[in-house]
Protein chains: 2
Amino acid sequence: MKIIKNVGDIKHLSNEKRAEGKKIAFVPTMGGLHLGHLSLIKIARENADFVIVSIFVNPAQFAPHEDFDTYPRNLEADSEMAVSSGADVIYAPNIKEMYPLGYSTYISVGKIGEVFDGEIRPHFFGGVATICTKLFIATRPDLVVFGQKDFQQTLVIKRLVKDLNLDIEILTGSTKRESNGLAMSSRNKKLSAEEKDQSSIVFLALEEAKKAIEAGERRRKIINAIMHKTLREETNIRIDYASSALSDNLETPEEFLAGEEIVLLIAVHLGKTRIIDNALVKIASSLAF
Amino acid sequence: MKIIKNVGDIKHLSNEKRAEGKKIAFVPTMGGLHLGHLSLIKIARENADFVIVSIFVNPAQFAPHEDFDTYPRNLEADSEMAVSSGADVIYAPNIKEMYPLGYSTYISVGKIGEVFDGEIRPHFFGGVATICTKLFIATRPDLVVFGQKDFQQTLVIKRLVKDLNLDIEILTGSTKRESNGLAMSSRNKKLSAEEKDQSSIVFLALEEAKKAIEAGERRRKIINAIMHKTLREETNIRIDYASSALSDNLETPEEFLAGEEIVLLIAVHLGKTRIIDNALVKIASSLAF
């Protein structure tokens, strides 16, 4: 198993593969790999000739009060899982090489990273955009795969890739779920058995809103209220947001229109663990009877 | 003469040259070429196999009240001058392709871009860092050449290149001057004959401070006062700053020490034209008598 820790080495390897005419896919992760990550690596494997998976817990996307120190880390086990799902090489950069003394460059992507999770975690998407730019420059992929669970993050990266004229195709893998509907996440390990039971309410809230939209509801406030009402059935939950928006730009009209795609976005705290989840619902184009 | 206007085309050309094993140099300009620019293109020519010169007046580095609209533009003449000095190709990107509708990514480099010119022009170095990142991604140079006149800009780009792990060597060409000492600049065309005469005071102020340092002056405030006093002899001048700092990080200690290199930095307005200039002075290492 090949683990590369140095930016010069991964650049060299990527250039070598490119010179051989290979299509390069890249899956950035913070480790703590679960079936969701592995499904993304499989998508990468199916769509490219050479697959790089990065494992790097990026301090720039955590606020001081957040869980950077306790975020799960197990490079050996994660690397083995990644390779068994199709990774050719693991890039696990050294934190001192990524952010040496004096480091001060920061990339912001504007409005798309300032709403929803960007409002709750003001440094988050800037931190994500910055590390992804550095990782993209180091690995020079033709293709990057993200999970739908991190819906807003993928929009941020699409904006970044377009704005910086990076030639990178972005694919999205569907959210993998536990049997009770909980979206898989590295942070789920922190949930107690009781909290894990309670967590099913998040998926349920998305389903309820989805049903209402499919039954004809178009008013954003009503759609949001359905999610809030469902979530509040679980008294142990604290809601950051439970909201709906247009899926391509996160704009929030009062009413959605036929033909539009809505994203339902939820972020809650359950005990000490933060859970995010989302669902996409397309409103059927109106037919001319 | 080859003028490329499309980001896809310049990427393709750069990749082609790289595949041929050629070393690529890049000189970013905003046009309005003068002997200063041409000397940078010659340095590029001497140090690489293929020379790309960009001509792009970057709106992101101008504030609304600044001179974006009146900045000199003459693509044909500029391109001819660049080619006659050694450019192989001109990259003159389309403004709508650089900043399409919805563009919102912005790169800041922190403290080094927030002092001196960054304090006076708060969006300037972020705009420079952003366009340079885009131009570097498009042209993928091994080598970039900047002029010493834009001293702080070069420090900003060095920070950016290091922080984003771009493998780019940065060379600096010395400042070219008119016979009266005025640093060459695209903006000098706007000076009246009288203002051009008066402008020599800027170079004189740098020389006076340099002499004082060479005669043993180490106190920053005194060094700055010498420049201010000289500049004030010209009543038509308005000073943005006339200051000294450590040349590698722009820090401003009360006293400079033996072995340190000082940069003297001046920005003034003469009528409607803004003039910047600088000089480097190395303090001799103290000898053990």
# chains A, B, ... in the order shown; residues from 1 in each chain; ligands from 1
call {"tool": "residues_around", "arguments": {"residues": "A:Ile24", "least_positions_apart": "5", "cutoff": "6 Å", "atoms": "only C-alpha atoms", "output": "compact mmCIF listing (two decimals) with C-alpha atoms, in the first residue's frame"}}
result
# COMPACT_ATOMS: atom_id res chain seq x y z
CA ALA A 48 -10.82 6.92 -14.27
CA PHE A 50 -5.77 6.18 -11.62
CA VAL A 51 -7.42 6.95 -8.28
CA PRO A 141 -7.26 15.42 -11.16
CA ASP A 142 -9.48 15.20 -14.23
call {"tool": "interface_residues", "arguments": {"of": "chain A", "to": "chain B", "cutoff": "7 Å", "atoms": "only C-alpha atoms", "output": "list in words"}}
result
Tyr103, Ser104, Thr105, Tyr106, Ile107, Ser108, Val109, Gly110, Lys134, Leu160, Asp163, Leu164 and Asn165 of chain A
call {"tool": "write_last_selection", "arguments": {"atoms": "C-alpha atoms", "output": "compact mmCIF listing (two decimals), in the first residue's frame"}}
result
# COMPACT_ATOMS: atom_id res chain seq x y z
CA TYR A 103 0.86 30.51 5.98
CA SER A 104 -1.80 33.12 5.30
CA THR A 105 -3.63 32.49 1.99
CA TYR A 106 -7.38 32.04 2.20
CA ILE A 107 -9.92 31.43 -0.56
CA SER A 108 -13.55 32.47 -0.25
CA VAL A 109 -16.27 31.62 -2.74
CA GLY A 110 -18.78 34.29 -1.82
CA LYS A 134 -4.24 23.08 -2.58
CA LEU A 160 -14.45 27.33 -7.12
CA ASP A 163 -14.12 30.48 -11.16
CA LEU A 164 -10.47 29.40 -11.09
CA ASN A 165 -10.73 27.75 -14.54
call {"tool": "closest_residue", "arguments": {"among": "A:Pro253, A:Gly216, A:Gly181, A:Gly36", "to": "A:Ser85", "atoms": "only C-alpha atoms"}}
result
A:Gly36
call {"tool": "residues_around", "arguments": {"residues": "A:Phe56", "least_positions_apart": "4", "cutoff": "8 Å", "atoms": "only C-alpha atoms", "output": "number ranges by chain"}}
result
A: 29-31, 92-93
call {"tool": "write_last_selection", "arguments": {"atoms": "N, CA and C atoms", "output": "JSON list (two decimals), in the first residue's frame"}}
result
[["chain", "number", "residue", "atom", "x", "y", "z"],
["A", 29, "THR", "N", -10.81, 13.17, 1.41],
["A", 29, "THR", "CA", -11.52, 12.77, 2.64],
["A", 29, "THR", "C", -10.74, 13.31, 3.86],
["A", 30, "MET", "N", -11.43, 13.30, 5.00],
["A", 30, "MET", "CA", -10.74, 13.61, 6.26],
["A", 30, "MET", "C", -10.52, 12.32, 7.04],
["A", 31, "GLY", "N", -10.50, 11.17, 6.35],
["A", 31, "GLY", "CA", -10.35, 9.90, 7.04],
["A", 31, "GLY", "C", -11.67, 9.50, 7.70],
["A", 92, "ALA", "N", -1.62, 11.53, 2.10],
["A", 92, "ALA", "CA", -1.89, 11.96, 3.48],
["A", 92, "ALA", "C", -0.88, 13.04, 3.84],
["A", 93, "PRO", "N", -1.15, 14.28, 3.40],
["A", 93, "PRO", "CA", -0.13, 15.32, 3.54],
["A", 93, "PRO", "C", 0.17, 15.64, 5.00]]
call {"tool": "atom_distance", "arguments": {"atom1": "atom CA of A:Ile262", "atom2": "atom CA of A:Leu280"}}
result
5.7 Å
call {"tool": "atom_distance", "arguments": {"atom1": "atom CA of B:Leu38", "atom2": "atom CA of B:Ser186"}}
result
12.3 Å
call {"tool": "residues_around", "arguments": {"residues": "B:Asn224", "least_positions_apart": "2", "cutoff": "12 Å", "atoms": "only C-alpha atoms", "output": "MDAnalysis selection string"}}
result
chainID B and resid 205:206 208:210 212:213 217:222 226:231 241:245 252 254:255 262:266
call {"tool": "closest_residue", "arguments": {"among": "A:Lys5, A:Arg140, A:Arg274, A:Arg121", "to": "A:Lys23", "atoms": "only C-alpha atoms"}}
result
A:Arg140
call {"tool": "select_by_dssp", "arguments": {"residues": "stretch 108-244 of chain B", "states": "strand (DSSP E or B)", "output": "ChimeraX atom specification"}}
result
/B:108,143-147,169-173,177,183,219,237-244
call {"tool": "write_last_selection", "arguments": {"atoms": "N, CA and C atoms", "output": "mmCIF file, in the first residue's frame"}}
result
data_model
loop_
_atom_site.group_PDB
_atom_site.id
_atom_site.type_symbol
_atom_site.label_atom_id
_atom_site.label_comp_id
_atom_site.auth_asym_id
_atom_site.auth_seq_id
_atom_site.Cartn_x
_atom_site.Cartn_y
_atom_site.Cartn_z
ATOM 1 N N SER B 108 -7.359 35.891 -0.698
ATOM 2 C CA SER B 108 -6.617 36.889 0.080
ATOM 3 C C SER B 108 -5.366 36.237 0.644
ATOM 4 N N LEU B 143 8.253 29.597 -14.328
ATOM 5 C CA LEU B 143 8.963 30.818 -13.956
ATOM 6 C C LEU B 143 8.052 32.020 -14.223
ATOM 7 N N VAL B 144 7.999 32.964 -13.276
ATOM 8 C CA VAL B 144 7.242 34.201 -13.499
ATOM 9 C C VAL B 144 8.162 35.377 -13.201
ATOM 10 N N VAL B 145 8.054 36.441 -13.992
ATOM 11 C CA VAL B 145 8.922 37.601 -13.774
ATOM 12 C C VAL B 145 8.067 38.832 -13.420
ATOM 13 N N PHE B 146 8.414 39.466 -12.303
ATOM 14 C CA PHE B 146 7.770 40.711 -11.878
ATOM 15 C C PHE B 146 8.816 41.825 -11.803
ATOM 16 N N GLY B 147 8.331 43.062 -11.813
ATOM 17 C CA GLY B 147 9.229 44.199 -11.688
ATOM 18 C C GLY B 147 9.404 44.613 -10.238
ATOM 19 N N GLU B 169 8.989 29.462 -9.908
ATOM 20 C CA GLU B 169 10.120 30.292 -9.499
ATOM 21 C C GLU B 169 9.768 31.745 -9.833
ATOM 22 N N ILE B 170 10.096 32.659 -8.941
ATOM 23 C CA ILE B 170 9.762 34.062 -9.199
ATOM 24 C C ILE B 170 11.042 34.877 -9.333
ATOM 25 N N LEU B 171 11.193 35.542 -10.454
ATOM 26 C CA LEU B 171 12.345 36.424 -10.671
ATOM 27 C C LEU B 171 11.870 37.877 -10.649
ATOM 28 N N THR B 172 12.767 38.761 -10.245
ATOM 29 C CA THR B 172 12.432 40.181 -10.189
ATOM 30 C C THR B 172 13.383 40.957 -11.084
ATOM 31 N N GLY B 173 12.826 41.832 -11.923
ATOM 32 C CA GLY B 173 13.653 42.712 -12.741
ATOM 33 C C GLY B 173 13.738 44.085 -12.104
ATOM 34 N N ARG B 177 13.908 53.525 -15.181
ATOM 35 C CA ARG B 177 13.614 54.904 -14.803
ATOM 36 C C ARG B 177 13.750 55.870 -15.974
ATOM 37 N N ALA B 183 10.266 56.382 -11.828
ATOM 38 C CA ALA B 183 10.100 54.971 -12.181
ATOM 39 C C ALA B 183 9.112 54.854 -13.332
ATOM 40 N N ARG B 219 17.188 54.211 12.894
ATOM 41 C CA ARG B 219 15.865 54.463 13.494
ATOM 42 C C ARG B 219 14.821 54.662 12.392
ATOM 43 N N ILE B 237 2.494 67.682 -4.206
ATOM 44 C CA ILE B 237 2.423 66.233 -3.930
ATOM 45 C C ILE B 237 1.573 65.929 -2.708
ATOM 46 N N ARG B 238 0.728 64.873 -2.823
ATOM 47 C CA ARG B 238 -0.001 64.356 -1.660
ATOM 48 C C ARG B 238 0.529 62.969 -1.362
ATOM 49 N N ILE B 239 0.939 62.765 -0.094
ATOM 50 C CA ILE B 239 1.610 61.507 0.268
ATOM 51 C C ILE B 239 0.609 60.469 0.772
ATOM 52 N N ASP B 240 0.576 59.274 0.164
ATOM 53 C CA ASP B 240 -0.162 58.145 0.753
ATOM 54 C C ASP B 240 0.669 57.531 1.871
ATOM 55 N N TYR B 241 1.916 57.221 1.562
ATOM 56 C CA TYR B 241 2.859 56.788 2.595
ATOM 57 C C TYR B 241 4.278 56.964 2.069
ATOM 58 N N ALA B 242 5.199 57.124 2.995
ATOM 59 C CA ALA B 242 6.638 57.146 2.694
ATOM 60 C C ALA B 242 7.250 56.497 3.917
ATOM 61 N N SER B 243 7.625 55.230 3.766
ATOM 62 C CA SER B 243 7.899 54.436 4.952
ATOM 63 C C SER B 243 8.978 53.396 4.672
ATOM 64 N N SER B 244 9.516 52.840 5.738
ATOM 65 C CA SER B 244 10.536 51.808 5.597
ATOM 66 C C SER B 244 10.084 50.560 6.339
#
call {"tool": "select_by_dssp", "arguments": {"residues": "stretch 158-214 of chain A", "states": "alpha helix (DSSP H)", "output": "list in words"}}
result
Lys158, Arg159, Leu160, Val161, Lys162, Asp163, Ala193, Glu194, Glu195, Lys196, Asp197, Gln198, Ser200, Ile201, Val202, Phe203, Leu204, Ala205, Leu206, Glu207, Glu208, Ala209, Lys210, Lys211, Ala212, Ile213 and Glu214 of chain A
call {"tool": "write_last_selection", "arguments": {"atoms": "N, CA and C atoms", "output": "PDB file, in the first residue's frame"}}
result
ATOM      1  N   LYS A 158     -17.901  23.364  -6.895  1.00  0.00           N
ATOM      2  CA  LYS A 158     -18.237  23.603  -8.308  1.00  0.00           C
ATOM      3  C   LYS A 158     -17.992  25.065  -8.677  1.00  0.00           C
ATOM      4  N   ARG A 159     -18.391  25.977  -7.795  1.00  0.00           N
ATOM      5  CA  ARG A 159     -18.163  27.415  -7.999  1.00  0.00           C
ATOM      6  C   ARG A 159     -16.666  27.692  -8.119  1.00  0.00           C
ATOM      7  N   LEU A 160     -15.905  27.142  -7.160  1.00  0.00           N
ATOM      8  CA  LEU A 160     -14.452  27.333  -7.116  1.00  0.00           C
ATOM      9  C   LEU A 160     -13.784  26.846  -8.397  1.00  0.00           C
ATOM     10  N   VAL A 161     -14.144  25.644  -8.824  1.00  0.00           N
ATOM     11  CA  VAL A 161     -13.535  25.022 -10.002  1.00  0.00           C
ATOM     12  C   VAL A 161     -13.838  25.850 -11.242  1.00  0.00           C
ATOM     13  N   LYS A 162     -15.074  26.338 -11.329  1.00  0.00           N
ATOM     14  CA  LYS A 162     -15.452  27.161 -12.474  1.00  0.00           C
ATOM     15  C   LYS A 162     -14.697  28.499 -12.437  1.00  0.00           C
ATOM     16  N   ASP A 163     -14.700  29.134 -11.267  1.00  0.00           N
ATOM     17  CA  ASP A 163     -14.116  30.476 -11.161  1.00  0.00           C
ATOM     18  C   ASP A 163     -12.605  30.483 -11.386  1.00  0.00           C
ATOM     19  N   ALA A 193     -26.107   4.935  21.893  1.00  0.00           N
ATOM     20  CA  ALA A 193     -27.125   4.048  21.303  1.00  0.00           C
ATOM     21  C   ALA A 193     -28.481   4.763  21.278  1.00  0.00           C
ATOM     22  N   GLU A 194     -28.774   5.477  22.360  1.00  0.00           N
ATOM     23  CA  GLU A 194     -30.058   6.183  22.453  1.00  0.00           C
ATOM     24  C   GLU A 194     -30.130   7.298  21.395  1.00  0.00           C
ATOM     25  N   GLU A 195     -29.029   8.063  21.280  1.00  0.00           N
ATOM     26  CA  GLU A 195     -28.995   9.150  20.288  1.00  0.00           C
ATOM     27  C   GLU A 195     -29.126   8.592  18.871  1.00  0.00           C
ATOM     28  N   LYS A 196     -28.500   7.467  18.617  1.00  0.00           N
ATOM     29  CA  LYS A 196     -28.577   6.863  17.284  1.00  0.00           C
ATOM     30  C   LYS A 196     -30.028   6.522  16.945  1.00  0.00           C
ATOM     31  N   ASP A 197     -30.746   5.977  17.930  1.00  0.00           N
ATOM     32  CA  ASP A 197     -32.186   5.729  17.745  1.00  0.00           C
ATOM     33  C   ASP A 197     -32.915   7.026  17.381  1.00  0.00           C
ATOM     34  N   GLN A 198     -32.637   8.063  18.196  1.00  0.00           N
ATOM     35  CA  GLN A 198     -33.340   9.340  18.012  1.00  0.00           C
ATOM     36  C   GLN A 198     -33.022   9.978  16.655  1.00  0.00           C
ATOM     37  N   SER A 200     -33.018   9.007  13.736  1.00  0.00           N
ATOM     38  CA  SER A 200     -33.839   8.662  12.565  1.00  0.00           C
ATOM     39  C   SER A 200     -34.833   9.770  12.216  1.00  0.00           C
ATOM     40  N   ILE A 201     -35.084  10.648  13.174  1.00  0.00           N
ATOM     41  CA  ILE A 201     -36.043  11.735  12.946  1.00  0.00           C
ATOM     42  C   ILE A 201     -35.583  12.679  11.821  1.00  0.00           C
ATOM     43  N   VAL A 202     -34.269  12.766  11.608  1.00  0.00           N
ATOM     44  CA  VAL A 202     -33.751  13.676  10.572  1.00  0.00           C
ATOM     45  C   VAL A 202     -34.187  13.199   9.189  1.00  0.00           C
ATOM     46  N   PHE A 203     -33.976  11.923   8.932  1.00  0.00           N
ATOM     47  CA  PHE A 203     -34.381  11.348   7.651  1.00  0.00           C
ATOM     48  C   PHE A 203     -35.896  11.447   7.488  1.00  0.00           C
ATOM     49  N   LEU A 204     -36.610  11.193   8.607  1.00  0.00           N
ATOM     50  CA  LEU A 204     -38.072  11.261   8.593  1.00  0.00           C
ATOM     51  C   LEU A 204     -38.542  12.669   8.215  1.00  0.00           C
ATOM     52  N   ALA A 205     -37.888  13.680   8.778  1.00  0.00           N
ATOM     53  CA  ALA A 205     -38.265  15.080   8.484  1.00  0.00           C
ATOM     54  C   ALA A 205     -38.080  15.372   6.991  1.00  0.00           C
ATOM     55  N   LEU A 206     -36.997  14.872   6.427  1.00  0.00           N
ATOM     56  CA  LEU A 206     -36.773  15.061   4.978  1.00  0.00           C
ATOM     57  C   LEU A 206     -37.872  14.355   4.177  1.00  0.00           C
ATOM     58  N   GLU A 207     -38.211  13.148   4.604  1.00  0.00           N
ATOM     59  CA  GLU A 207     -39.233  12.368   3.896  1.00  0.00           C
ATOM     60  C   GLU A 207     -40.603  13.056   3.954  1.00  0.00           C
ATOM     61  N   GLU A 208     -40.919  13.605   5.137  1.00  0.00           N
ATOM     62  CA  GLU A 208     -42.222  14.278   5.301  1.00  0.00           C
ATOM     63  C   GLU A 208     -42.324  15.478   4.356  1.00  0.00           C
ATOM     64  N   ALA A 209     -41.248  16.267   4.307  1.00  0.00           N
ATOM     65  CA  ALA A 209     -41.258  17.454   3.442  1.00  0.00           C
ATOM     66  C   ALA A 209     -41.335  17.032   1.974  1.00  0.00           C
ATOM     67  N   LYS A 210     -40.599  15.988   1.645  1.00  0.00           N
ATOM     68  CA  LYS A 210     -40.588  15.471   0.275  1.00  0.00           C
ATOM     69  C   LYS A 210     -42.001  15.059  -0.145  1.00  0.00           C
ATOM     70  N   LYS A 211     -42.678  14.337   0.757  1.00  0.00           N
ATOM     71  CA  LYS A 211     -44.051  13.896   0.474  1.00  0.00           C
ATOM     72  C   LYS A 211     -44.963  15.090   0.222  1.00  0.00           C
ATOM     73  N   ALA A 212     -44.813  16.115   1.072  1.00  0.00           N
ATOM     74  CA  ALA A 212     -45.675  17.299   0.937  1.00  0.00           C
ATOM     75  C   ALA A 212     -45.447  17.970  -0.425  1.00  0.00           C
ATOM     76  N   ILE A 213     -44.175  18.046  -0.829  1.00  0.00           N
ATOM     77  CA  ILE A 213     -43.870  18.671  -2.130  1.00  0.00           C
ATOM     78  C   ILE A 213     -44.454  17.815  -3.257  1.00  0.00           C
ATOM     79  N   GLU A 214     -44.284  16.524  -3.129  1.00  0.00           N
ATOM     80  CA  GLU A 214     -44.821  15.617  -4.159  1.00  0.00           C
ATOM     81  C   GLU A 214     -46.345  15.688  -4.217  1.00  0.00           C
TER      82      GLU A 214
END
